[in-house]
Each structure stands twice: as structure tokens, then as C-alpha cells.
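**Student:** Here you go, this is protein31.tsv (TSV, C-alpha atoms).
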```tsv
chain	number	residue	atom	x	y	z
A	103	MET	CA	-21.90	25.00	33.18
A	104	ALA	CA	-23.15	27.59	30.77
A	105	GLU	CA	-25.12	24.82	29.09
A	106	GLU	CA	-26.81	23.85	32.36
A	107	MET	CA	-27.76	27.43	33.02
A	108	SER	CA	-29.24	27.94	29.59
A	109	GLY	CA	-30.95	24.55	29.70
A	110	ARG	CA	-29.33	23.41	26.48
A	111	ARG	CA	-29.25	19.70	25.83
A	112	PRO	CA	-26.96	19.38	22.80
A	113	TYR	CA	-27.33	16.23	20.74
A	114	GLU	CA	-24.31	14.00	21.18
A	115	ARG	CA	-23.95	11.48	18.43
A	116	GLU	CA	-23.11	7.98	19.56
A	117	ILE	CA	-19.80	6.74	18.16
A	118	THR	CA	-19.94	3.13	17.00
A	119	SER	CA	-18.45	0.99	14.28
A	120	GLU	CA	-21.66	-0.96	13.73
A	121	TRP	CA	-22.61	1.31	10.81
A	122	ILE	CA	-20.37	-0.60	8.40
A	123	PHE	CA	-22.90	-3.47	8.35
A	124	ARG	CA	-25.90	-1.24	7.60
A	125	HIS	CA	-25.39	-1.27	3.85
A	126	PRO	CA	-23.30	-3.46	1.48
A	127	ARG	CA	-21.79	-0.25	0.12
A	128	TYR	CA	-20.34	0.60	3.55
A	129	LEU	CA	-18.93	-2.90	3.86
A	130	ARG	CA	-17.26	-2.65	0.43
A	131	TYR	CA	-15.79	0.68	1.52
A	132	MET	CA	-14.35	-0.93	4.65
A	133	VAL	CA	-12.95	-3.88	2.68
A	134	ARG	CA	-11.19	-1.35	0.45
A	135	GLU	CA	-9.82	0.51	3.46
A	136	PHE	CA	-8.62	-2.74	5.07
A	137	SER	CA	-6.46	-3.33	1.99
A	138	CYS	CA	-4.00	-0.93	3.67
A	139	LEU	CA	-3.15	-3.62	6.26
A	140	PHE	CA	-2.01	-6.00	3.53
A	141	ILE	CA	-0.28	-3.43	1.32
A	142	GLY	CA	1.51	-1.98	4.35
A	143	GLY	CA	2.23	-5.48	5.64
A	144	TYR	CA	3.73	-6.45	2.32
A	145	ALA	CA	5.93	-3.33	2.34
A	146	LEU	CA	7.19	-4.37	5.79
A	147	LEU	CA	7.91	-7.84	4.39
A	148	MET	CA	10.03	-6.13	1.73
A	149	VAL	CA	11.95	-4.29	4.48
A	150	VAL	CA	12.66	-7.64	6.19
A	151	GLY	CA	13.74	-9.04	2.82
A	152	LEU	CA	16.22	-6.18	2.37
A	153	GLU	CA	17.63	-6.90	5.83
A	154	ARG	CA	18.18	-10.55	4.88
A	155	LEU	CA	19.64	-9.54	1.52
A	156	ALA	CA	22.14	-7.25	3.26
A	157	GLN	CA	23.17	-10.14	5.57
A	158	GLY	CA	24.41	-12.27	2.69
A	159	PRO	CA	23.49	-15.26	0.50
A	160	ALA	CA	22.73	-17.68	3.37
A	161	ALA	CA	20.33	-15.23	5.06
A	162	TRP	CA	18.63	-14.54	1.74
A	163	GLN	CA	18.21	-18.26	1.12
A	164	GLY	CA	16.60	-18.52	4.55
A	165	PHE	CA	14.20	-15.72	3.61
A	166	LEU	CA	13.22	-17.55	0.41
A	167	GLN	CA	12.68	-20.69	2.51
A	168	ALA	CA	10.48	-18.75	4.95
A	169	LEU	CA	8.37	-17.53	2.01
A	170	GLN	CA	7.40	-21.18	1.43
A	171	SER	CA	5.80	-21.61	4.86
A	172	PRO	CA	2.02	-22.15	4.77
A	173	ALA	CA	1.47	-18.93	6.75
A	174	SER	CA	3.47	-16.95	4.19
A	175	VAL	CA	1.64	-18.48	1.22
A	176	ALA	CA	-1.72	-17.81	2.90
A	177	PHE	CA	-0.71	-14.21	3.64
A	178	HIS	CA	0.36	-13.75	0.01
A	179	ALA	CA	-2.92	-15.15	-1.32
A	180	VAL	CA	-5.04	-12.86	0.87
A	181	ALA	CA	-2.75	-9.87	0.28
A	182	LEU	CA	-2.94	-10.43	-3.48
A	183	ALA	CA	-6.75	-10.40	-3.36
A	184	PHE	CA	-6.82	-7.21	-1.26
A	185	SER	CA	-4.22	-5.46	-3.41
A	186	LEU	CA	-6.15	-6.32	-6.58
A	187	TYR	CA	-9.27	-4.85	-4.94
A	188	HIS	CA	-7.29	-1.71	-4.10
A	189	SER	CA	-6.07	-1.41	-7.71
A	190	VAL	CA	-9.55	-1.88	-9.20
A	191	THR	CA	-11.21	0.62	-6.84
A	192	TRP	CA	-8.36	3.11	-7.32
A	193	PHE	CA	-8.49	2.98	-11.12
A	194	ASN	CA	-12.30	3.14	-11.14
A	195	LEU	CA	-12.01	6.46	-9.30
A	196	THR	CA	-9.53	8.00	-11.76
A	197	PRO	CA	-12.27	9.54	-13.99
A	198	LYS	CA	-13.45	11.49	-10.90
A	199	ALA	CA	-9.94	12.50	-9.85
A	200	LEU	CA	-8.55	13.30	-13.30
A	201	PRO	CA	-11.38	14.49	-15.57
A	202	VAL	CA	-10.10	15.45	-19.03
A	203	GLN	CA	-11.96	18.19	-20.90
A	204	LEU	CA	-11.65	18.43	-24.68
A	205	GLY	CA	-13.38	21.62	-25.83
A	206	GLU	CA	-16.99	21.39	-24.65
A	207	GLU	CA	-16.88	17.64	-24.04
A	208	PHE	CA	-15.37	15.54	-21.29
A	209	LEU	CA	-13.42	12.42	-22.14
A	210	PRO	CA	-15.70	9.43	-21.29
A	211	ASP	CA	-15.03	7.81	-17.89
A	212	ALA	CA	-14.39	4.45	-19.51
A	213	VAL	CA	-11.53	5.91	-21.58
A	214	ILE	CA	-9.74	7.36	-18.54
A	215	ALA	CA	-10.20	4.29	-16.35
A	216	GLY	CA	-9.43	2.05	-19.34
A	217	ALA	CA	-6.14	3.82	-19.99
A	218	HIS	CA	-5.14	3.19	-16.37
A	219	TYR	CA	-6.09	-0.49	-16.62
A	220	ALA	CA	-4.07	-0.80	-19.85
A	221	GLY	CA	-1.08	0.87	-18.16
A	222	TRP	CA	-1.46	-1.44	-15.15
A	223	PHE	CA	-1.49	-4.62	-17.29
A	224	ALA	CA	1.43	-3.38	-19.42
A	225	LEU	CA	3.51	-2.43	-16.37
A	226	SER	CA	2.78	-5.77	-14.67
A	227	ALA	CA	3.76	-7.62	-17.84
A	228	VAL	CA	7.03	-5.66	-18.08
A	229	LEU	CA	7.76	-6.41	-14.42
A	230	PHE	CA	7.13	-10.15	-14.94
A	231	TRP	CA	9.32	-10.08	-18.03
A	232	MET	CA	12.13	-8.28	-16.18
A	233	ALA	CA	11.80	-10.78	-13.33
A	234	GLY	CA	12.32	-13.61	-15.79
A	235	ILE	CA	8.81	-15.10	-15.63
A	236	PHE	CA	8.50	-15.02	-19.41
B	109	MET	CA	-4.45	18.72	12.38
B	110	ALA	CA	-3.70	22.18	11.06
B	111	LYS	CA	-5.10	22.93	7.66
B	112	SER	CA	-1.66	23.70	6.27
B	113	ASN	CA	-0.39	20.19	7.08
B	114	LYS	CA	-2.96	18.49	4.91
B	115	PRO	CA	-1.19	18.55	1.51
B	116	ILE	CA	2.02	17.19	3.07
B	117	VAL	CA	0.18	14.21	4.53
B	118	TRP	CA	-2.22	13.69	1.65
B	119	GLY	CA	0.22	14.11	-1.25
B	120	PRO	CA	2.32	11.01	-0.43
B	121	PHE	CA	-0.93	9.13	0.28
B	122	ALA	CA	-2.22	9.82	-3.25
B	123	ALA	CA	1.18	9.06	-4.78
B	124	GLY	CA	1.47	5.85	-2.75
B	125	GLY	CA	-2.08	4.80	-3.57
B	126	THR	CA	-1.35	5.19	-7.27
B	127	LEU	CA	2.03	3.46	-7.07
B	128	THR	CA	0.66	0.50	-5.09
B	129	ALA	CA	-2.32	0.20	-7.46
B	130	PHE	CA	0.10	-0.18	-10.38
B	131	LEU	CA	2.83	-2.27	-8.74
B	132	THR	CA	1.82	-4.16	-5.60
B	133	PRO	CA	-0.26	-6.99	-7.16
B	134	ALA	CA	2.61	-7.88	-9.51
B	135	LEU	CA	5.19	-7.70	-6.69
B	136	ILE	CA	3.05	-9.93	-4.46
B	137	ALA	CA	2.67	-12.36	-7.37
B	138	LEU	CA	6.48	-12.57	-7.66
B	139	THR	CA	7.07	-13.47	-4.00
B	140	LEU	CA	4.03	-15.76	-4.05
B	141	LEU	CA	5.69	-17.67	-6.91
B	142	ALA	CA	8.85	-17.90	-4.80
B	143	GLY	CA	6.70	-19.18	-1.93
B	144	LEU	CA	5.29	-21.87	-4.21
B	145	GLY	CA	8.83	-23.03	-4.99
B	146	ARG	CA	9.22	-21.31	-8.37
B	147	VAL	CA	11.69	-18.56	-7.50
B	148	PRO	CA	11.78	-15.92	-10.29
B	149	ASP	CA	15.26	-15.16	-11.66
B	150	ALA	CA	15.05	-11.61	-10.30
B	151	LEU	CA	14.75	-12.96	-6.75
B	152	SER	CA	17.96	-14.99	-6.90
B	153	TYR	CA	20.62	-13.59	-4.56
B	154	GLU	CA	22.93	-12.51	-7.40
B	155	HIS	CA	20.25	-10.66	-9.39
B	156	LEU	CA	18.50	-8.96	-6.49
B	157	HIS	CA	21.80	-8.02	-4.85
B	158	ALA	CA	23.03	-6.47	-8.10
B	159	PHE	CA	19.75	-4.57	-8.42
B	160	ALA	CA	19.92	-3.25	-4.85
B	161	ALA	CA	23.63	-2.44	-5.19
B	162	HIS	CA	22.95	0.08	-7.97
B	163	TRP	CA	21.89	3.55	-6.80
B	164	LEU	CA	18.91	3.50	-9.18
B	165	GLY	CA	17.69	0.19	-7.70
B	166	LYS	CA	18.16	1.60	-4.19
B	167	ALA	CA	16.13	4.69	-5.13
B	168	ALA	CA	13.34	2.58	-6.65
B	169	LEU	CA	13.13	0.36	-3.57
B	170	VAL	CA	13.04	3.30	-1.15
B	171	VAL	CA	10.33	5.06	-3.18
B	172	VAL	CA	8.17	1.92	-3.43
B	173	ILE	CA	8.57	0.95	0.24
B	174	GLY	CA	8.30	4.50	1.57
B	175	LEU	CA	5.19	5.48	-0.40
B	176	SER	CA	3.51	2.09	0.24
B	177	LEU	CA	4.03	2.46	3.98
B	178	TRP	CA	2.91	6.09	4.04
B	179	SER	CA	-0.30	5.53	2.08
B	180	ALA	CA	-1.11	2.45	4.17
B	181	ALA	CA	-0.47	4.46	7.35
B	182	HIS	CA	-2.75	7.27	6.21
B	183	ARG	CA	-5.53	4.88	5.26
B	184	LEU	CA	-5.15	3.05	8.57
B	185	ARG	CA	-5.53	6.38	10.39
B	186	ILE	CA	-8.74	7.21	8.50
B	187	THR	CA	-10.03	3.65	9.07
B	188	ALA	CA	-9.39	3.92	12.81
B	189	TYR	CA	-11.46	7.11	12.85
B	190	ASP	CA	-14.23	5.45	10.83
B	191	LEU	CA	-14.34	2.58	13.31
B	192	GLY	CA	-14.91	4.98	16.19
B	193	VAL	CA	-11.38	5.68	17.47
B	194	ARG	CA	-11.46	9.41	18.10
B	195	ALA	CA	-7.90	9.85	19.43
B	196	ASP	CA	-6.81	10.99	15.96
B	197	ALA	CA	-3.65	12.81	17.03
B	198	VAL	CA	-2.35	9.70	18.82
B	199	VAL	CA	-3.29	7.38	15.94
B	200	ALA	CA	-1.70	9.75	13.42
B	201	ALA	CA	1.54	9.96	15.42
B	202	ILE	CA	1.76	6.15	15.73
B	203	VAL	CA	1.02	5.25	12.10
B	204	TYR	CA	3.15	7.98	10.51
B	205	ALA	CA	6.05	7.25	12.88
B	206	GLY	CA	5.73	3.57	11.94
B	207	ALA	CA	5.84	4.39	8.23
B	208	LEU	CA	8.90	6.61	8.69
B	209	ALA	CA	10.64	3.99	10.85
B	210	GLY	CA	10.04	1.29	8.22
B	211	THR	CA	11.36	3.55	5.48
B	212	GLY	CA	14.38	4.46	7.61
B	213	ALA	CA	15.12	0.79	8.21
B	214	ALA	CA	14.91	0.12	4.45
B	215	VAL	CA	17.42	2.93	3.81
B	216	LEU	CA	19.73	1.54	6.50
B	217	TYR	CA	19.69	-1.99	5.05
B	218	LEU	CA	20.18	-0.68	1.51
B	219	LEU	CA	23.25	1.25	2.59
B	220	ARG	CA	24.77	-2.07	3.76
B	221	ILE	CA	24.30	-3.63	0.33
```
Would you mind giving the structure from this file in C-alpha cells?

**Tutor:**
Amino acid sequence: MAEEMSGRRPYEREITSEWIFRHPRYLRYMVREFSCLFIGGYALLMVVGLERLAQGPAAWQGFLQALQSPASVAFHAVALAFSLYHSVTWFNLTPKALPVQLGEEFLPDAVIAGAHYAGWFALSAVLFWMAGIF
Amino acid sequence: MAKSNKPIVWGPFAAGGTLTAFLTPALIALTLLAGLGRVPDALSYEHLHAFAAHWLGKAALVVVIGLSLWSAAHRLRITAYDLGVRADAVVAAIVYAGALAGTGAAVLYLLRI
């Protein structure tokens, strides 16, 4: 009412989601953010897997069978792509999040991001080795 | 959200984002292999059960699942806001409760192993 009396007409920004298509950069940002659906979804799949594991060998075998359904394989393929995109974008940001200063100089961005990539590949290799892939 | 809550919400998000960046692609690759009929040794009932039966394996699974769910929940909340959903308190309550429920369920199942 005070606004009417003073004649104020405050600008009210319209809230839309159309902005994500205005620039490829915004779309890439949204793709990155949507990775949470697949990473969270995969974590929930792990919870279901633990439930089956707790129910015994037959239930676990059923879970492994269910993993072979076309829907599951499709989900895994898409989730893998999104999770790789999350990893790449996350590691590319590490030089901003963890700048390392040595005297007057800063460690080059490529060194910091590169160290994370190296750690990622090494850790994945160790995991595959522990899982018996090679 | 009160200013003082921010580190509590954001800390696990950053930790989960880092953990999932390092681990999730490899984990998905393992179950994808199983889905393609080449079940890795680690996903056989005996091996996985032995892993989950050990307290260290239980701890690892809870940390991975809990932080994955929390960081995904936080990102989903921010994404909802970006897409024009302004009921942030409601969205926050739903996604964080979901993450905690999923983690609680994981703990419950692990205790039965």
C-alpha cells in the first residue's frame, strides 16, 4: 500500500527457464548441473543393490540379471557420459578452487588440473584392478 | 537459509562432488560391464558380500553413497532454482531429506550383511 501511495512501480523480473537456450555456455552449464540426476540415480541404484545383497545370493543374482535389461544398459551408458562430464568440469575448475602459490609465482593451471586427471586415471585403474578387470 | 547453515550444506556438496568426480565413472563402468554380461569378480556374491561384511567396506560404501546423494541433492536444489522454481525452502527440505533417507537405507541394509 505504501508503494501505491508513493507511486513506486518497482521492476519485477520475470522468472523463466528459457534463458538456458540463450547461449551455448548456459546450456553447457545446465548439462553439467543435470549430471546430478544420474550421479544421484546411480547412488540410489547402489542402495537397491545393497538391499539385494543383504537378502542373499538368489536376490543378488536377480539384481545382476536386472542390470542386463536394455533399460539398465541404456541408463548406464547415459549416466557414464554425464558422470564423465561432471569429472572433467570438476577437475577443470580445480585451479580456481585450489590455487597453489610458490613464492611470487602461482603453479600453472595445467599442472593443478593435470595432477587431478592423473590421480583420477590412477584411481580408476586401481579400482578396475581390484575388481578383477585386469 | 540462514548464513550459518551454509558451510554444513556446502561442505558435503564439495566433498561429494570431488569423490564422485574421482570414483563414479569407474563404478558405473563396473556395473555396465555386469549389464553387458561380463560380471567383474568383485561383483560376485562372495566377493561383494565379504567386502560389505567388513567394517571398512561398510564405511567406504556409506561414505560413497551418502556423499554422492548429498552432492546430487544440493545440485538438484540449485538447478531447480535456476529453472525458475522459487520455493527454495520446500525444494531444499525434499532433496536433503531424500539424500538422508537413501543414506539411512544404505546403513540399514549394510547392518543386515

**Student:** Each residue of segment 125-196 of chain B with at least one atom at most 8 Å from segment 191-204 of chain A should appear once, together with its nearest atom pair and the corresponding distance in Å (one decimal); atoms considered: only C-alpha atoms; ordering: chain, then increasing residue number; output as CSV.

**Tutor:**
```
residue,atom,partner,partner_atom,distance
B:Gly125,CA,A:Trp192,CA,7.5
B:Thr126,CA,A:Trp192,CA,7.3
B:Ala129,CA,A:Trp192,CA,6.7
```

**Student:** Each residue of segment 118-209 of chain B with at least one atom at most 12 Å from segment 216-233 of chain A should appear once, together with its nearest atom pair and the corresponding distance in Å (one decimal); atoms considered: all atoms listed in the file; ordering: chain, then increasing residue number; output as CSV.

**Tutor:**
```
residue,atom,partner,partner_atom,distance
B:Thr126,CA,A:His218,CA,10.1
B:Leu127,CA,A:Trp222,CA,10.1
B:Thr128,CA,A:Trp222,CA,10.5
B:Ala129,CA,A:Trp222,CA,7.9
B:Phe130,CA,A:Trp222,CA,5.2
B:Leu131,CA,A:Ser226,CA,6.9
B:Thr132,CA,A:Ser226,CA,9.3
B:Pro133,CA,A:Ser226,CA,8.2
B:Ala134,CA,A:Ser226,CA,5.6
B:Leu135,CA,A:Leu229,CA,8.2
B:Ile136,CA,A:Ser226,CA,11.0
B:Ala137,CA,A:Phe230,CA,9.1
B:Leu138,CA,A:Phe230,CA,7.7
B:Thr139,CA,A:Ala233,CA,10.8
B:Leu141,CA,A:Phe230,CA,11.1
B:Ala142,CA,A:Ala233,CA,11.5
B:Arg146,CA,A:Ala233,CA,11.9
B:Val147,CA,A:Ala233,CA,9.7
B:Pro148,CA,A:Ala233,CA,6.0
B:Asp149,CA,A:Ala233,CA,5.8
B:Ala150,CA,A:Ala233,CA,4.5
B:Leu151,CA,A:Ala233,CA,7.5
B:Ser152,CA,A:Ala233,CA,9.8
B:His155,CA,A:Ala233,CA,9.3
B:Leu156,CA,A:Ala233,CA,9.7
B:Phe159,CA,A:Ala233,CA,11.2
```

**Student:** Please provide as a count of residues only all residues within 7 Å of Ala145 of chain A, with the sequence filter that same-chain residues fewer than 5 positions apart are discarded (counting all atoms listed in the file).

**Tutor:** 3

**Student:** Please, which residues in segment 112-208 of chain A fall within 7 Å of segment 186-197 of chain B when counting all atoms listed in the file, and what is the closest atom pair and distance in Å to one decimal for each, ordered by chain then residue number, as a Markdown table?

**Tutor:**
```
| residue | atom | partner | partner_atom | distance |
| --- | --- | --- | --- | --- |
| A:Ile117 | CA | B:Gly192 | CA | 5.6 |
| A:Thr118 | CA | B:Gly192 | CA | 5.4 |
| A:Ser119 | CA | B:Leu191 | CA | 4.5 |
| A:Glu135 | CA | B:Thr187 | CA | 6.4 |
```

**Student:** Taking only C-alpha atoms into account, name the residue in B:Val198, B:Ala180, B:Ile116, B:Ala122 that is nearest to chain A.

**Tutor:**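 Distance minimum relative to chain A lands on B:Ala180.
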
**Student:** Using all atoms listed in the file, which chain A residues lie at most 8 Å away from chain B, written as a VMD selection string?

**Tutor:** chain A and resid 117 to 119 132 135 to 136 138 to 139 141 to 142 144 to 146 148 to 149 152 to 153 155 to 156 159 162 to 163 166 to 171 174 to 175 178 to 179 181 to 182 185 to 186 188 to 190 192 to 193 221 to 222 225 to 226 229 to 230 232 to 235

**Student:** Can you measure atom CA of Tyr128 of chain A to atom CA of Phe208 of chain A for me? One decimal in Å is fine.

**Tutor:** 29.4 Å

**Student:** Expressed in Å to a single decimal, how great is the separation between atom CA of Gly143 of chain A and atom CA of Leu208 of chain B?

**Tutor:**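 Separation of atom CA of Gly143 of chain A and atom CA of Leu208 of chain B: 14.1 Å.
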
**Student:** One decimal, Å: what's the distance from atom CA of Ala205 of chain B over to atom CA of Ala183 of chain A, could you say?

**Tutor:** 27.2 Å

**Student:** Let me have the centre and edge lengths of the axis-aligned box enclosing all listed atoms of segment 189-205 of chain B with 6 Å padding on every side, in Å to one decimal, as AutoDock Vina command-line options.

**Tutor:**
```
--center_x -4.4 --center_y 7.7 --center_z 15.0 --size_x 33.0 --size_y 22.2 --size_z 20.9
```

**Student:** Please produce segment 193-211 of chain A, completed to N, CA and C atoms, as a PDB file, keeping the file's coordinate frame.

**Tutor:**
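To be explicit, this is the file written out as result_16.pdb:
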```
ATOM      1  N   PHE A 193      -8.396   2.611  -9.698  1.00  0.00           N
ATOM      2  CA  PHE A 193      -8.490   2.980 -11.120  1.00  0.00           C
ATOM      3  C   PHE A 193      -9.916   3.377 -11.494  1.00  0.00           C
ATOM      4  N   ASN A 194     -10.911   2.759 -10.843  1.00  0.00           N
ATOM      5  CA  ASN A 194     -12.300   3.140 -11.140  1.00  0.00           C
ATOM      6  C   ASN A 194     -12.607   4.561 -10.686  1.00  0.00           C
ATOM      7  N   LEU A 195     -11.798   5.085  -9.776  1.00  0.00           N
ATOM      8  CA  LEU A 195     -12.010   6.460  -9.300  1.00  0.00           C
ATOM      9  C   LEU A 195     -11.273   7.492 -10.150  1.00  0.00           C
ATOM     10  N   THR A 196     -10.353   7.030 -11.015  1.00  0.00           N
ATOM     11  CA  THR A 196      -9.530   8.000 -11.760  1.00  0.00           C
ATOM     12  C   THR A 196     -10.355   8.961 -12.609  1.00  0.00           C
ATOM     13  N   PRO A 197     -11.505   8.550 -13.214  1.00  0.00           N
ATOM     14  CA  PRO A 197     -12.270   9.540 -13.990  1.00  0.00           C
ATOM     15  C   PRO A 197     -12.772  10.698 -13.113  1.00  0.00           C
ATOM     16  N   LYS A 198     -13.011  10.423 -11.813  1.00  0.00           N
ATOM     17  CA  LYS A 198     -13.450  11.490 -10.900  1.00  0.00           C
ATOM     18  C   LYS A 198     -12.268  12.384 -10.521  1.00  0.00           C
ATOM     19  N   ALA A 199     -11.102  11.753 -10.327  1.00  0.00           N
ATOM     20  CA  ALA A 199      -9.940  12.500  -9.850  1.00  0.00           C
ATOM     21  C   ALA A 199      -9.247  13.259 -10.978  1.00  0.00           C
ATOM     22  N   LEU A 200      -9.280  12.700 -12.184  1.00  0.00           N
ATOM     23  CA  LEU A 200      -8.550  13.300 -13.300  1.00  0.00           C
ATOM     24  C   LEU A 200      -9.453  13.486 -14.525  1.00  0.00           C
ATOM     25  N   PRO A 201     -10.524  14.295 -14.397  1.00  0.00           N
ATOM     26  CA  PRO A 201     -11.380  14.490 -15.570  1.00  0.00           C
ATOM     27  C   PRO A 201     -10.614  15.241 -16.663  1.00  0.00           C
ATOM     28  N   VAL A 202     -10.791  14.808 -17.902  1.00  0.00           N
ATOM     29  CA  VAL A 202     -10.100  15.450 -19.030  1.00  0.00           C
ATOM     30  C   VAL A 202     -11.131  16.121 -19.914  1.00  0.00           C
ATOM     31  N   GLN A 203     -11.009  17.450 -20.063  1.00  0.00           N
ATOM     32  CA  GLN A 203     -11.960  18.190 -20.900  1.00  0.00           C
ATOM     33  C   GLN A 203     -11.339  18.478 -22.250  1.00  0.00           C
ATOM     34  N   LEU A 204     -12.093  18.142 -23.309  1.00  0.00           N
ATOM     35  CA  LEU A 204     -11.650  18.430 -24.680  1.00  0.00           C
ATOM     36  C   LEU A 204     -12.688  19.359 -25.292  1.00  0.00           C
ATOM     37  N   GLY A 205     -12.384  20.670 -25.339  1.00  0.00           N
ATOM     38  CA  GLY A 205     -13.380  21.620 -25.830  1.00  0.00           C
ATOM     39  C   GLY A 205     -14.570  21.641 -24.911  1.00  0.00           C
ATOM     40  N   GLU A 206     -15.761  21.392 -25.457  1.00  0.00           N
ATOM     41  CA  GLU A 206     -16.990  21.390 -24.650  1.00  0.00           C
ATOM     42  C   GLU A 206     -17.191  20.058 -23.949  1.00  0.00           C
ATOM     43  N   GLU A 207     -16.598  19.008 -24.499  1.00  0.00           N
ATOM     44  CA  GLU A 207     -16.880  17.640 -24.040  1.00  0.00           C
ATOM     45  C   GLU A 207     -15.864  17.175 -22.992  1.00  0.00           C
ATOM     46  N   PHE A 208     -16.300  16.233 -22.185  1.00  0.00           N
ATOM     47  CA  PHE A 208     -15.370  15.540 -21.290  1.00  0.00           C
ATOM     48  C   PHE A 208     -15.057  14.171 -21.882  1.00  0.00           C
ATOM     49  N   LEU A 209     -13.815  13.768 -21.723  1.00  0.00           N
ATOM     50  CA  LEU A 209     -13.420  12.420 -22.140  1.00  0.00           C
ATOM     51  C   LEU A 209     -14.257  11.416 -21.352  1.00  0.00           C
ATOM     52  N   PRO A 210     -14.852  10.394 -22.009  1.00  0.00           N
ATOM     53  CA  PRO A 210     -15.700   9.430 -21.290  1.00  0.00           C
ATOM     54  C   PRO A 210     -14.925   8.748 -20.146  1.00  0.00           C
ATOM     55  N   ASP A 211     -15.648   8.457 -19.050  1.00  0.00           N
ATOM     56  CA  ASP A 211     -15.030   7.810 -17.890  1.00  0.00           C
ATOM     57  C   ASP A 211     -14.301   6.533 -18.273  1.00  0.00           C
TER      58      ASP A 211
END
```
